[in-house]
$ cat final.cif   # mmCIF, C-alpha atoms and all ligand atoms
data_input
#
loop_
_atom_site.label_atom_id
_atom_site.label_comp_id
_atom_site.auth_asym_id
_atom_site.auth_seq_id
_atom_site.Cartn_x
_atom_site.Cartn_y
_atom_site.Cartn_z
CA MET A 50 16.63 109.69 50.17
CA ASN A 51 15.35 106.33 51.31
CA THR A 52 16.99 104.70 48.32
CA ARG A 53 20.25 106.44 49.11
CA ARG A 54 20.03 105.35 52.74
CA SER A 55 19.32 101.77 51.77
CA LEU A 56 22.21 101.84 49.32
CA LEU A 57 24.45 103.15 52.08
CA GLY A 58 23.19 100.39 54.30
CA PHE A 59 23.89 97.82 51.62
CA GLY A 60 27.39 99.21 51.17
CA ALA A 61 28.05 99.04 54.88
CA ALA A 62 26.80 95.46 54.98
CA LEU A 63 29.08 94.61 52.07
CA LEU A 64 32.04 96.15 53.86
CA LEU A 65 31.24 94.05 56.89
CA LEU A 66 31.22 90.94 54.73
CA LEU A 67 34.31 91.63 52.66
CA PRO A 68 37.00 91.39 55.36
CA ALA A 69 35.56 88.05 56.49
CA CYS A 70 35.91 86.69 52.98
CA THR A 71 39.52 87.67 52.49
CA THR A 72 40.75 84.48 54.05
CA LEU A 73 39.77 80.84 54.06
CA ARG A 74 38.76 79.12 57.23
CA GLU A 75 39.60 75.58 58.19
CA PRO A 76 37.43 72.82 56.73
CA ALA A 77 33.91 73.00 58.09
CA PRO A 78 32.88 70.73 60.96
CA GLY A 79 32.19 67.27 59.59
CA GLU A 80 34.38 67.79 56.57
CA THR A 81 37.58 65.81 56.43
CA TRP A 82 41.02 67.37 56.20
CA ARG A 83 42.59 65.84 53.09
CA GLY A 84 46.10 67.13 53.43
CA VAL A 85 49.47 67.10 51.75
CA HIS A 86 52.71 68.08 53.49
CA LEU A 87 55.40 69.63 51.28
CA TRP A 88 58.83 71.04 51.89
CA LEU A 89 58.83 74.53 50.46
CA ASP A 90 62.20 76.16 50.85
CA ARG A 91 62.69 78.33 47.79
CA GLU A 92 60.98 80.51 45.22
CA ASN A 93 61.01 77.91 42.50
CA SER A 94 59.17 75.39 44.70
CA ALA A 95 56.56 77.97 45.63
CA GLN A 96 56.00 78.83 41.99
CA GLN A 97 55.62 75.13 41.18
CA LEU A 98 53.05 74.78 43.95
CA ILE A 99 51.08 77.74 42.64
CA ARG A 100 50.84 75.99 39.28
CA THR A 101 49.98 72.62 40.88
CA LEU A 102 47.27 73.67 43.33
CA PRO A 103 44.35 73.27 40.90
CA ALA A 104 45.41 69.68 40.16
CA LEU A 105 45.82 68.97 43.87
CA ALA A 106 42.31 70.27 44.49
CA GLN A 107 41.11 68.07 41.66
CA ALA A 108 42.75 65.11 43.44
CA GLY A 109 40.70 65.87 46.55
CA VAL A 110 43.22 67.89 48.55
CA ASN A 111 41.77 70.68 50.70
CA VAL A 112 44.70 71.44 53.05
CA VAL A 113 48.39 71.90 52.20
CA VAL A 114 51.01 72.14 54.94
CA ILE A 115 54.14 73.89 53.68
CA GLU A 116 57.29 73.38 55.71
CA VAL A 117 58.98 76.74 55.27
CA ASN A 118 61.10 77.06 58.42
CA TYR A 119 63.70 79.78 57.77
CA SER A 120 63.19 79.96 54.00
CA TYR A 121 61.13 83.12 54.02
CA GLU A 122 61.73 86.80 53.51
CA PHE A 123 61.41 87.61 57.22
CA ARG A 124 61.04 91.32 57.83
CA ASN A 125 61.36 91.37 61.60
CA HIS A 126 64.60 89.39 61.54
CA PRO A 127 66.15 89.43 58.05
CA GLU A 128 69.33 87.96 59.54
CA LEU A 129 67.40 84.71 60.10
CA ARG A 130 66.52 84.11 56.45
CA ASN A 131 67.98 81.08 54.74
CA ARG A 132 70.13 81.73 51.69
CA HIS A 133 67.26 80.58 49.50
CA TYR A 134 63.91 81.92 50.57
CA ILE A 135 60.36 82.58 49.40
CA THR A 136 59.61 86.24 48.92
CA ARG A 137 56.68 87.95 50.58
CA GLN A 138 55.24 88.70 47.17
CA THR A 139 55.29 85.03 46.17
CA ALA A 140 53.83 84.03 49.54
CA HIS A 141 50.85 86.30 48.91
CA ALA A 142 50.52 84.90 45.38
CA LEU A 143 50.50 81.38 46.80
CA ALA A 144 47.88 82.36 49.37
CA ALA A 145 45.68 83.78 46.60
CA ALA A 146 46.13 80.65 44.48
CA ALA A 147 45.22 78.42 47.44
CA ARG A 148 42.13 80.50 48.11
CA HIS A 149 41.15 80.18 44.47
CA SER A 150 41.41 76.38 44.69
CA ASP A 151 39.60 76.17 48.05
CA ILE A 152 42.75 74.89 49.71
CA TRP A 153 43.70 75.88 53.24
CA LEU A 154 47.38 76.78 53.48
CA ILE A 155 49.26 76.10 56.71
CA PRO A 156 52.92 77.14 57.08
CA GLU A 157 55.14 74.98 59.28
CA PHE A 158 58.01 76.31 61.34
CA ASN A 159 60.05 73.71 63.22
CA CYS A 160 60.29 74.52 66.91
CA LEU A 161 62.72 73.09 69.46
CA GLY A 162 64.07 70.28 67.29
CA HIS A 163 65.50 70.13 63.78
CA GLN A 164 67.64 73.24 64.18
CA SER A 165 70.27 71.52 62.05
CA PHE A 166 70.11 69.13 59.12
CA GLY A 167 73.17 66.97 58.70
CA GLY A 168 76.08 69.33 59.17
CA ARG A 169 74.09 72.44 58.25
CA ILE A 170 72.96 74.59 61.15
CA GLU A 171 69.74 76.53 60.66
CA PRO A 172 69.96 80.34 60.89
CA LEU A 173 68.61 80.69 64.45
CA LEU A 174 71.40 78.73 66.15
CA ARG A 175 73.97 79.85 63.60
CA THR A 176 73.20 83.42 64.63
CA HIS A 177 72.66 82.64 68.31
CA PRO A 178 74.80 79.62 69.21
CA GLU A 179 74.22 80.50 72.87
CA TRP A 180 70.57 79.45 72.39
CA SER A 181 71.49 75.83 71.67
CA GLU A 182 70.43 73.18 74.20
CA THR A 183 73.82 71.55 73.71
CA PRO A 184 76.15 74.54 73.29
CA THR A 185 79.27 72.50 73.88
CA THR A 186 78.36 69.85 71.33
CA ALA A 187 80.15 70.11 68.06
CA MET A 188 78.35 68.88 64.98
CA GLN A 189 81.10 66.32 64.52
CA GLU A 190 79.68 64.11 67.28
CA THR A 191 78.74 60.97 65.44
CA ASN A 192 75.78 59.83 67.51
CA PHE A 193 74.05 63.19 67.31
CA TYR A 194 70.69 63.69 65.60
CA SER A 195 70.07 67.41 65.17
CA LEU A 196 70.46 70.53 67.26
CA ASN A 197 67.64 71.68 69.51
CA TRP A 198 67.13 75.12 70.82
CA CYS A 199 66.97 75.68 74.57
CA PRO A 200 63.37 76.24 75.77
CA LEU A 201 64.64 78.56 78.52
CA ALA A 202 66.92 80.74 76.38
CA PRO A 203 66.02 84.37 77.18
CA GLY A 204 64.51 86.21 74.22
CA LEU A 205 64.20 83.15 72.02
CA THR A 206 60.45 82.59 72.14
CA GLU A 207 59.77 86.27 71.34
CA THR A 208 62.05 86.04 68.31
CA VAL A 209 60.41 82.84 67.08
CA CYS A 210 56.90 84.26 67.53
CA SER A 211 57.83 87.29 65.46
CA LEU A 212 59.00 84.95 62.68
CA MET A 213 55.65 83.16 62.86
CA ASP A 214 53.86 86.49 62.60
CA ASP A 215 55.79 87.20 59.41
CA LEU A 216 54.88 83.78 57.99
CA ALA A 217 51.21 84.18 58.85
CA GLU A 218 51.10 87.63 57.27
CA GLY A 219 52.86 86.54 54.09
CA PHE A 220 50.96 83.30 53.55
CA GLU A 221 47.74 84.85 54.88
CA ALA A 222 47.50 81.93 57.26
CA GLU A 223 45.29 81.38 60.26
CA ALA A 224 47.06 78.23 61.38
CA ILE A 225 50.67 77.40 62.20
CA HIS A 226 52.28 73.98 62.41
CA VAL A 227 55.04 74.22 65.00
CA GLY A 228 56.80 70.93 64.25
CA MET A 229 58.26 69.78 67.61
CA ASP A 230 59.03 66.29 66.33
CA GLU A 231 62.09 64.23 67.18
CA VAL A 232 63.13 66.40 70.11
CA TYR A 233 65.85 64.32 71.77
CA TYR A 234 67.93 66.96 73.57
CA ILE A 235 65.94 68.79 76.21
CA GLY A 236 66.71 69.17 79.90
CA ASP A 237 70.18 68.25 78.77
CA ASP A 238 73.15 68.19 81.14
CA ARG A 239 75.07 70.33 78.66
CA CYS A 240 72.59 73.22 79.08
CA PRO A 241 73.30 75.46 82.09
CA ARG A 242 69.65 76.64 82.12
CA CYS A 243 67.93 73.25 81.80
CA ARG A 244 70.31 70.88 83.56
CA GLY A 245 68.43 68.80 86.14
CA LYS A 246 64.97 69.98 85.08
CA ASN A 247 62.15 67.64 84.03
CA PRO A 248 62.24 67.31 80.20
CA ALA A 249 58.47 66.80 79.84
CA ALA A 250 57.83 69.90 81.96
CA LEU A 251 60.25 71.93 79.81
CA PHE A 252 58.56 70.64 76.66
CA THR A 253 55.13 71.52 78.06
CA GLU A 254 56.29 75.01 78.97
CA GLN A 255 57.55 75.61 75.43
CA VAL A 256 54.28 74.32 73.94
CA GLN A 257 52.29 76.57 76.25
CA GLN A 258 54.36 79.64 75.36
CA LEU A 259 53.79 79.06 71.65
CA HIS A 260 50.12 78.28 72.26
CA SER A 261 49.74 81.50 74.21
CA HIS A 262 50.91 83.49 71.18
CA ILE A 263 49.35 81.44 68.37
CA VAL A 264 46.01 80.49 69.89
CA THR A 265 45.31 82.83 72.81
CA ASP A 266 46.65 86.05 71.28
CA LYS A 267 46.29 85.52 67.54
CA LYS A 268 43.26 83.16 67.54
CA TRP A 269 44.94 80.86 65.02
CA GLN A 270 44.86 77.06 64.92
CA MET A 271 48.00 75.35 66.22
CA LEU A 272 49.25 71.99 64.98
CA MET A 273 52.23 69.88 65.98
CA TRP A 274 53.76 66.47 65.28
CA ALA A 275 52.67 63.92 67.88
CA ASP A 276 55.67 61.60 68.22
CA ARG A 277 57.05 63.13 71.44
CA VAL A 278 53.56 63.39 72.92
CA ILE A 279 52.73 59.71 72.38
CA GLY A 280 56.26 58.60 73.31
CA VAL A 281 58.08 55.35 72.68
CA LYS A 282 55.14 53.23 73.84
CA PHE A 283 53.29 54.13 70.64
CA GLN A 284 56.03 55.47 68.36
CA GLY A 285 58.67 52.85 69.08
CA TRP A 286 62.27 53.35 70.17
CA SER A 287 64.77 55.17 68.05
CA LYS A 288 68.49 55.08 68.78
CA PHE A 289 68.19 58.62 70.12
CA ASP A 290 65.48 57.83 72.67
CA THR A 291 66.61 57.35 76.25
CA LEU A 292 64.87 57.02 79.58
CA GLN A 293 65.99 60.59 80.25
CA ASN A 294 64.33 62.26 77.26
CA ASP A 295 60.83 60.75 77.44
CA LEU A 296 58.35 63.59 76.96
CA SER A 297 55.11 61.59 76.90
CA ALA A 298 53.87 63.01 80.20
CA ALA A 299 53.17 66.16 78.18
CA ALA A 300 50.10 64.41 76.75
CA ASP A 301 48.31 65.33 79.96
CA THR A 302 49.62 68.87 80.31
CA ILE A 303 49.58 70.57 76.91
CA PRO A 304 46.44 72.37 75.62
CA ARG A 305 43.82 70.09 74.11
CA ASP A 306 42.97 72.38 71.20
CA ILE A 307 46.27 71.65 69.44
CA ILE A 308 45.81 69.31 66.48
CA GLN A 309 48.12 66.31 66.85
CA CYS A 310 49.67 65.17 63.57
CA ASP A 311 50.26 61.51 64.39
CA TRP A 312 52.78 60.14 61.89
CA HIS A 313 53.50 56.45 61.38
CA TYR A 314 55.44 55.13 58.42
CA GLU A 315 55.49 51.39 59.20
CA LYS A 316 52.79 48.92 58.26
CA LYS A 317 51.01 47.63 61.36
CA VAL A 318 47.72 45.91 62.06
CA ASP A 319 46.76 48.67 64.45
CA TYR A 320 47.77 52.21 65.35
CA PRO A 321 46.62 52.58 68.97
CA SER A 322 48.05 56.08 69.37
CA ILE A 323 45.09 57.40 67.35
CA PRO A 324 42.41 56.40 69.91
CA TYR A 325 44.89 57.24 72.70
CA LEU A 326 45.22 60.87 71.56
CA ALA A 327 41.56 61.12 70.58
CA GLY A 328 40.60 59.82 74.01
CA LYS A 329 42.62 62.60 75.62
CA GLY A 330 40.49 65.11 73.74
CA PHE A 331 42.90 66.08 70.96
CA ARG A 332 41.84 66.30 67.35
CA VAL A 333 44.09 63.83 65.55
CA TRP A 334 45.40 64.13 62.00
CA PRO A 335 47.05 60.80 61.10
CA ALA A 336 50.00 61.24 58.73
CA GLY A 337 51.38 58.54 56.43
CA PHE A 338 54.13 58.40 53.86
CA LEU A 339 55.66 55.43 52.05
CA PRO A 340 55.53 52.53 51.37
CA LEU A 341 51.99 52.68 50.01
CA PRO A 342 50.74 49.57 51.90
CA ALA A 343 51.80 51.18 55.19
CA ALA A 344 50.04 54.42 54.30
CA GLN A 345 46.92 52.45 53.35
CA ALA A 346 47.01 50.52 56.63
CA LEU A 347 47.20 53.74 58.63
CA SER A 348 44.44 55.34 56.62
CA HIS A 349 42.21 52.27 56.98
CA CYS A 350 42.74 52.18 60.74
CA ALA A 351 42.04 55.90 61.03
CA LEU A 352 38.85 55.59 58.99
CA THR A 353 37.46 53.17 61.56
CA GLN A 354 38.30 55.56 64.41
CA ARG A 355 35.96 58.42 63.61
CA THR A 356 35.88 60.27 66.91
CA ASN A 357 38.25 63.22 66.91
CA VAL A 358 40.01 62.05 63.73
CA ILE A 359 39.88 64.94 61.28
CA GLY A 360 41.24 63.34 58.11
CA TYR A 361 44.47 62.12 56.60
CA LEU A 362 47.77 63.89 55.88
CA ALA A 363 50.09 62.61 53.15
CA THR A 364 53.70 63.57 53.85
CA THR A 365 55.98 63.60 50.81
CA TRP A 366 59.54 64.34 52.05
CA ASN A 367 60.76 65.16 48.54
CA GLU A 368 59.85 61.67 47.27
CA THR A 369 57.70 63.30 44.64
CA ARG A 370 58.22 66.48 42.69
CA ILE A 371 55.63 69.06 43.61
CA THR A 372 54.28 69.12 40.07
CA ASN A 373 53.84 65.32 40.16
CA ALA A 374 52.20 65.27 43.60
CA PRO A 375 48.58 65.05 42.37
CA ALA A 376 49.37 61.71 40.69
CA TRP A 377 51.64 60.40 43.48
CA PRO A 378 50.13 57.07 44.66
CA PRO A 379 49.78 57.87 48.39
CA ILE A 380 47.82 60.98 47.43
CA ARG A 381 45.96 59.57 44.45
CA GLU A 382 44.99 56.29 46.16
CA ILE A 383 44.19 57.39 49.70
CA LEU A 384 42.79 60.92 49.82
CA PRO A 385 39.71 60.20 47.64
CA GLN A 386 38.68 57.51 50.14
CA TRP A 387 38.39 60.19 52.80
CA LYS A 388 36.19 62.27 50.57
CA GLN A 389 33.84 59.39 49.86
CA GLN A 390 33.75 58.03 53.40
CA LEU A 391 33.23 61.09 55.48
CA GLU A 392 31.69 63.74 53.33
CA PRO A 393 28.08 62.69 52.77
CA THR A 394 26.92 66.11 51.67
CA GLY A 395 29.61 66.45 49.03
CA LYS A 396 29.62 70.18 49.70
CA PRO A 397 32.91 71.96 49.20
CA TRP A 398 33.95 74.15 52.11
CA LYS A 399 34.06 77.83 51.39
CA CYS A 400 35.10 81.15 52.67
CA ARG A 401 33.19 81.90 55.85
ZN ZN B 1 68.27 74.65 78.01
#
$ encode --input "final.cif" --output "C-alpha cells"
Amino acid sequence: MNTRRSLLGFGAALLLLLPACTTLREPAPGETWRGVHLWLDRENSAQQLIRTLPALAQAGVNVVVIEVNYSYEFRNHPELRNRHYITRQTAHALAAAARHSDIWLIPEFNCLGHQSFGGRIEPLLRTHPEWSETPTTAMQETNFYSLNWCPLAPGLTETVCSLMDDLAEGFEAEAIHVGMDEVYYIGDDRCPRCRGKNPAALFTEQVQQLHSHIVTDKKWQMLMWADRVIGVKFQGWSKFDTLQNDLSAAADTIPRDIIQCDWHYEKKVDYPSIPYLAGKGFRVWPAGFLPLPAAQALSHCALTQRTNVIGYLATTWNETRITNAPAWPPIREILPQWKQQLEPTGKPWKCR
C-alpha cells in the first residue's frame, strides 16, 4: 500500500514536472543571448531551418528570431495569411527541433511599420485599407517608405494580438518580437484619427497595448527594434525622418521590461545608444549585419558595456542562405566571442 502510495506520489510529481519541461525558457541569467535573425516566410525556409538548427547550435547560437509576419497558417484570421505561409504542423516541428538543439525560438511580427514592401501591401492593410495611417496615400508616391497601420484604428490591436496568439501557439513561443522599426508615418495629417496628436504619445500607447497583451496577460517576453526609441540622435537621420515624426520621447514612457534590439550597420568608434538604453533600465540586444568590420566594431563595443547588455544578434536579411548561415562570417566570427567572454561556467542552458 505504502509502495503504491509512493508510486502515486512519484507519478504526481512527474506530472507536475512534465508541463514545465515542454517548452524552453530564455537563456539563464548570466548567459549571453547569441542570436540569429532570419526571414522565414514559407514552408521551404522553415524546413531548411529545421535541418540547419543543429549546425547553428554547434556555431554557438542559442536564440533564433524568425521574422514570420503574415506568412503563417493563422486560424483566427485565415484571410490575413500571405500567399506563401508556414503551416501549423511545420511550426510545431520547428519548435521541437529548436528544443532539441537548445535554441530558443522567437517569432517576429512587424507592428505599426512595414505594412508594405515595395509595391506589395501586406494582408492586414490589403484587407482593411481603412486601418492605414495614410489612407489617401497611393503606393505610387515616390518619396514613400512603407505603409504604417493607424495606432487608433478600432479593432486593429485585438486582431493583431489574436495573430500573435496563433504564432505563439504554433511555434510554442514564450516571446514575441513586435518589430516597430522605421515607423515614419504616425500622427499623420492624412489620418482622421491621429491628426494633430503627439506621435511619441501614439507610439507609446501602441507599445503599451501590445505589452499589456504579451507581457501582462500572457507572461511572455516582448522584444522590439530600438531605432525609433533612440531616435535620430543615436540612429542618424534617414530621408524619411522629420522633426514631426521623432518618437524618441517614448524612451521614457514605454515599459522597461521590453528588450531593445539596438541595430547599427555602420562602422563607428562608439555606439552610445547601448549605454543610453541600458542606463534607462532596458535590457539591450545589440544587432549587427554587414559589412563584417562594422559588425565586429559593434560587438566589441557591446562587449565592453556589460551592464544590461544580454548578447549579440546577427541579422542576415537574406544575405546568406539559411543552410549556409552557420558558416556565414558575421555568425562564425562574432558569436563564439560572446560564448567565451561571458559564459565562465560553460554550462548550456536547459529546459526549466
Ligand atoms: Zn491614425
$ residues_near_ligand --input "final.cif" --ligand "ligand ZN 1 (chain B)" --cutoff "8 Å" --atoms "all atoms listed in the file" --output "PDB file with C-alpha atoms, in the frame of the given file"
ATOM      1  CA  TRP A 180      70.570  79.450  72.390  1.00  0.00           C
ATOM      2  CA  SER A 181      71.490  75.830  71.670  1.00  0.00           C
ATOM      3  CA  GLU A 182      70.430  73.180  74.200  1.00  0.00           C
ATOM      4  CA  THR A 183      73.820  71.550  73.710  1.00  0.00           C
ATOM      5  CA  TRP A 198      67.130  75.120  70.820  1.00  0.00           C
ATOM      6  CA  CYS A 199      66.970  75.680  74.570  1.00  0.00           C
ATOM      7  CA  PRO A 200      63.370  76.240  75.770  1.00  0.00           C
ATOM      8  CA  LEU A 201      64.640  78.560  78.520  1.00  0.00           C
ATOM      9  CA  ALA A 202      66.920  80.740  76.380  1.00  0.00           C
ATOM     10  CA  ILE A 235      65.940  68.790  76.210  1.00  0.00           C
ATOM     11  CA  GLY A 236      66.710  69.170  79.900  1.00  0.00           C
ATOM     12  CA  ASP A 237      70.180  68.250  78.770  1.00  0.00           C
ATOM     13  CA  CYS A 240      72.590  73.220  79.080  1.00  0.00           C
ATOM     14  CA  PRO A 241      73.300  75.460  82.090  1.00  0.00           C
ATOM     15  CA  ARG A 242      69.650  76.640  82.120  1.00  0.00           C
ATOM     16  CA  CYS A 243      67.930  73.250  81.800  1.00  0.00           C
ATOM     17  CA  ARG A 244      70.310  70.880  83.560  1.00  0.00           C
TER      18      ARG A 244
END
$ atom_distance --input "final.cif" --atom1 "atom CA of A:Ile380" --atom2 "atom CA of A:Ala343"
13.1 Å
$ residues_near_point --input "final.cif" --point "(58.5, 75.3, 42.1)" --cutoff "12 Å" --atoms "only C-alpha atoms" --output "list of chain:residue names"
A:Leu87, A:Trp88, A:Leu89, A:Asp90, A:Arg91, A:Glu92, A:Asn93, A:Ser94, A:Ala95, A:Gln96, A:Gln97, A:Leu98, A:Ile99, A:Arg100, A:Thr101, A:Leu102, A:Ile135, A:Thr139, A:Leu143, A:Arg370, A:Ile371, A:Thr372, A:Asn373, A:Ala374
$ write_last_selection --input "final.cif" --atoms "C-alpha atoms" --output "mmCIF file, keeping the file's coordinate frame"
data_model
loop_
_atom_site.group_PDB
_atom_site.id
_atom_site.type_symbol
_atom_site.label_atom_id
_atom_site.label_comp_id
_atom_site.auth_asym_id
_atom_site.auth_seq_id
_atom_site.Cartn_x
_atom_site.Cartn_y
_atom_site.Cartn_z
ATOM 1 C CA LEU A 87 55.400 69.630 51.280
ATOM 2 C CA TRP A 88 58.830 71.040 51.890
ATOM 3 C CA LEU A 89 58.830 74.530 50.460
ATOM 4 C CA ASP A 90 62.200 76.160 50.850
ATOM 5 C CA ARG A 91 62.690 78.330 47.790
ATOM 6 C CA GLU A 92 60.980 80.510 45.220
ATOM 7 C CA ASN A 93 61.010 77.910 42.500
ATOM 8 C CA SER A 94 59.170 75.390 44.700
ATOM 9 C CA ALA A 95 56.560 77.970 45.630
ATOM 10 C CA GLN A 96 56.000 78.830 41.990
ATOM 11 C CA GLN A 97 55.620 75.130 41.180
ATOM 12 C CA LEU A 98 53.050 74.780 43.950
ATOM 13 C CA ILE A 99 51.080 77.740 42.640
ATOM 14 C CA ARG A 100 50.840 75.990 39.280
ATOM 15 C CA THR A 101 49.980 72.620 40.880
ATOM 16 C CA LEU A 102 47.270 73.670 43.330
ATOM 17 C CA ILE A 135 60.360 82.580 49.400
ATOM 18 C CA THR A 139 55.290 85.030 46.170
ATOM 19 C CA LEU A 143 50.500 81.380 46.800
ATOM 20 C CA ARG A 370 58.220 66.480 42.690
ATOM 21 C CA ILE A 371 55.630 69.060 43.610
ATOM 22 C CA THR A 372 54.280 69.120 40.070
ATOM 23 C CA ASN A 373 53.840 65.320 40.160
ATOM 24 C CA ALA A 374 52.200 65.270 43.600
#
$ residues_around --input "final.cif" --residues "A:Phe123" --least-positions-apart "3" --cutoff "10 Å" --atoms "all atoms listed in the file" --output "PyMOL selection string"
chain A and resi 119-120+126-131+134-137+211-216+219
$ residues_around --input "final.cif" --residues "A:Val232" --least-positions-apart "5" --cutoff "8 Å" --atoms "all atoms listed in the file" --output "ChimeraX atom specification"
/A:161-163,197,277
$ atom_distance --input "final.cif" --atom1 "atom CA of A:Thr206" --atom2 "atom CA of A:Phe220"
20.9 Å
$ atom_distance --input "final.cif" --atom1 "atom CA of A:Leu339" --atom2 "atom CA of A:Ile307"
25.6 Å
$ residues_around --input "final.cif" --residues "A:Ile308" --least-positions-apart "4" --cutoff "6 Å" --atoms "only C-alpha atoms" --output "list of chain:residue names"
A:Leu272, A:Arg332, A:Val333
$ residues_near_point --input "final.cif" --point "(49.2, 61.3, 61.0)" --cutoff "9 Å" --atoms "all atoms listed in the file" --output "compact mmCIF listing (two decimals) with C-alpha atoms, in the frame of the given file"
# COMPACT_ATOMS: atom_id res chain seq x y z
CA TRP A 274 53.76 66.47 65.28
CA ALA A 275 52.67 63.92 67.88
CA GLN A 309 48.12 66.31 66.85
CA CYS A 310 49.67 65.17 63.57
CA ASP A 311 50.26 61.51 64.39
CA TRP A 312 52.78 60.14 61.89
CA HIS A 313 53.50 56.45 61.38
CA ILE A 323 45.09 57.40 67.35
CA VAL A 333 44.09 63.83 65.55
CA TRP A 334 45.40 64.13 62.00
CA PRO A 335 47.05 60.80 61.10
CA ALA A 336 50.00 61.24 58.73
CA GLY A 337 51.38 58.54 56.43
CA LEU A 347 47.20 53.74 58.63
CA SER A 348 44.44 55.34 56.62
CA ALA A 351 42.04 55.90 61.03
CA GLY A 360 41.24 63.34 58.11
CA TYR A 361 44.47 62.12 56.60
CA LEU A 362 47.77 63.89 55.88
CA ALA A 363 50.09 62.61 53.15
CA THR A 364 53.70 63.57 53.85
$ residues_around --input "final.cif" --residues "stretch 113-117 of chain A" --least-positions-apart "4" --cutoff "7 Å" --atoms "only C-alpha atoms" --output "list in words"
Gly84, Val85, His86, Leu87, Trp88, Leu89, Asp90, Tyr121, Ile152, Trp153, Leu154, Ile155, Pro156, Glu157 and Phe158 of chain A
$ closest_residue --input "final.cif" --among "A:Glu80, A:Arg355, A:Gly245, A:Val264" --to "A:Gly328" --atoms "only C-alpha atoms"
A:Arg355
$ residues_around --input "final.cif" --residues "A:Arg305" --least-positions-apart "5" --cutoff "12 Å" --atoms "all atoms listed in the file" --output "JSON, numbers by chain"
{"A": [256, 257, 260, 264, 270, 271, 272, 273, 278, 299, 300, 326, 327, 328, 329, 330, 331, 332, 333, 357]}
$ closest_residue --input "final.cif" --among "A:Pro172, A:Pro76, A:Pro324, A:Gly280" --to "A:Ala224" --atoms "all atoms listed in the file"
A:Pro76
$ closest_residue --input "final.cif" --among "A:Asp266, A:Pro342, A:Tyr234, A:Thr353" --to "A:Asn294" --atoms "only C-alpha atoms"
A:Tyr234
$ build_atoms --input "final.cif" --residues "stretch 107-123 of chain A" --atoms "N, CA and C atoms" --output "compact mmCIF listing (two decimals), in the frame of the given file"
# COMPACT_ATOMS: atom_id res chain seq x y z
N GLN A 107 41.81 69.06 42.48
CA GLN A 107 41.11 68.07 41.66
C GLN A 107 41.30 66.67 42.23
N ALA A 108 42.46 66.42 42.85
CA ALA A 108 42.75 65.11 43.44
C ALA A 108 42.12 64.96 44.83
N GLY A 109 41.42 65.97 45.28
CA GLY A 109 40.70 65.87 46.55
C GLY A 109 41.36 66.58 47.71
N VAL A 110 42.50 67.22 47.47
CA VAL A 110 43.22 67.89 48.55
C VAL A 110 42.50 69.18 48.95
N ASN A 111 42.33 69.39 50.27
CA ASN A 111 41.77 70.68 50.70
C ASN A 111 42.62 71.39 51.76
N VAL A 112 43.75 70.78 52.14
CA VAL A 112 44.70 71.44 53.05
C VAL A 112 46.12 71.12 52.57
N VAL A 113 46.97 72.13 52.52
CA VAL A 113 48.39 71.90 52.20
C VAL A 113 49.23 72.51 53.32
N VAL A 114 50.06 71.67 53.94
CA VAL A 114 51.01 72.14 54.94
C VAL A 114 52.34 72.37 54.23
N ILE A 115 52.86 73.58 54.33
CA ILE A 115 54.14 73.89 53.68
C ILE A 115 55.20 74.11 54.75
N GLU A 116 56.22 73.25 54.72
CA GLU A 116 57.29 73.38 55.71
C GLU A 116 58.29 74.40 55.19
N VAL A 117 58.19 75.60 55.74
CA VAL A 117 58.98 76.74 55.27
C VAL A 117 60.21 76.97 56.15
N ASN A 118 60.03 76.79 57.44
CA ASN A 118 61.10 77.06 58.42
C ASN A 118 61.72 78.44 58.18
N TYR A 119 63.02 78.48 57.89
CA TYR A 119 63.70 79.78 57.77
C TYR A 119 63.79 80.28 56.32
N SER A 120 63.08 79.61 55.42
CA SER A 120 63.19 79.96 54.00
C SER A 120 62.12 80.97 53.61
N TYR A 121 62.11 82.07 54.29
CA TYR A 121 61.13 83.12 54.02
C TYR A 121 61.78 84.49 54.17
N GLU A 122 61.20 85.43 53.47
CA GLU A 122 61.73 86.80 53.51
C GLU A 122 61.27 87.49 54.80
N PHE A 123 61.80 87.03 55.93
CA PHE A 123 61.41 87.61 57.22
C PHE A 123 61.75 89.09 57.24
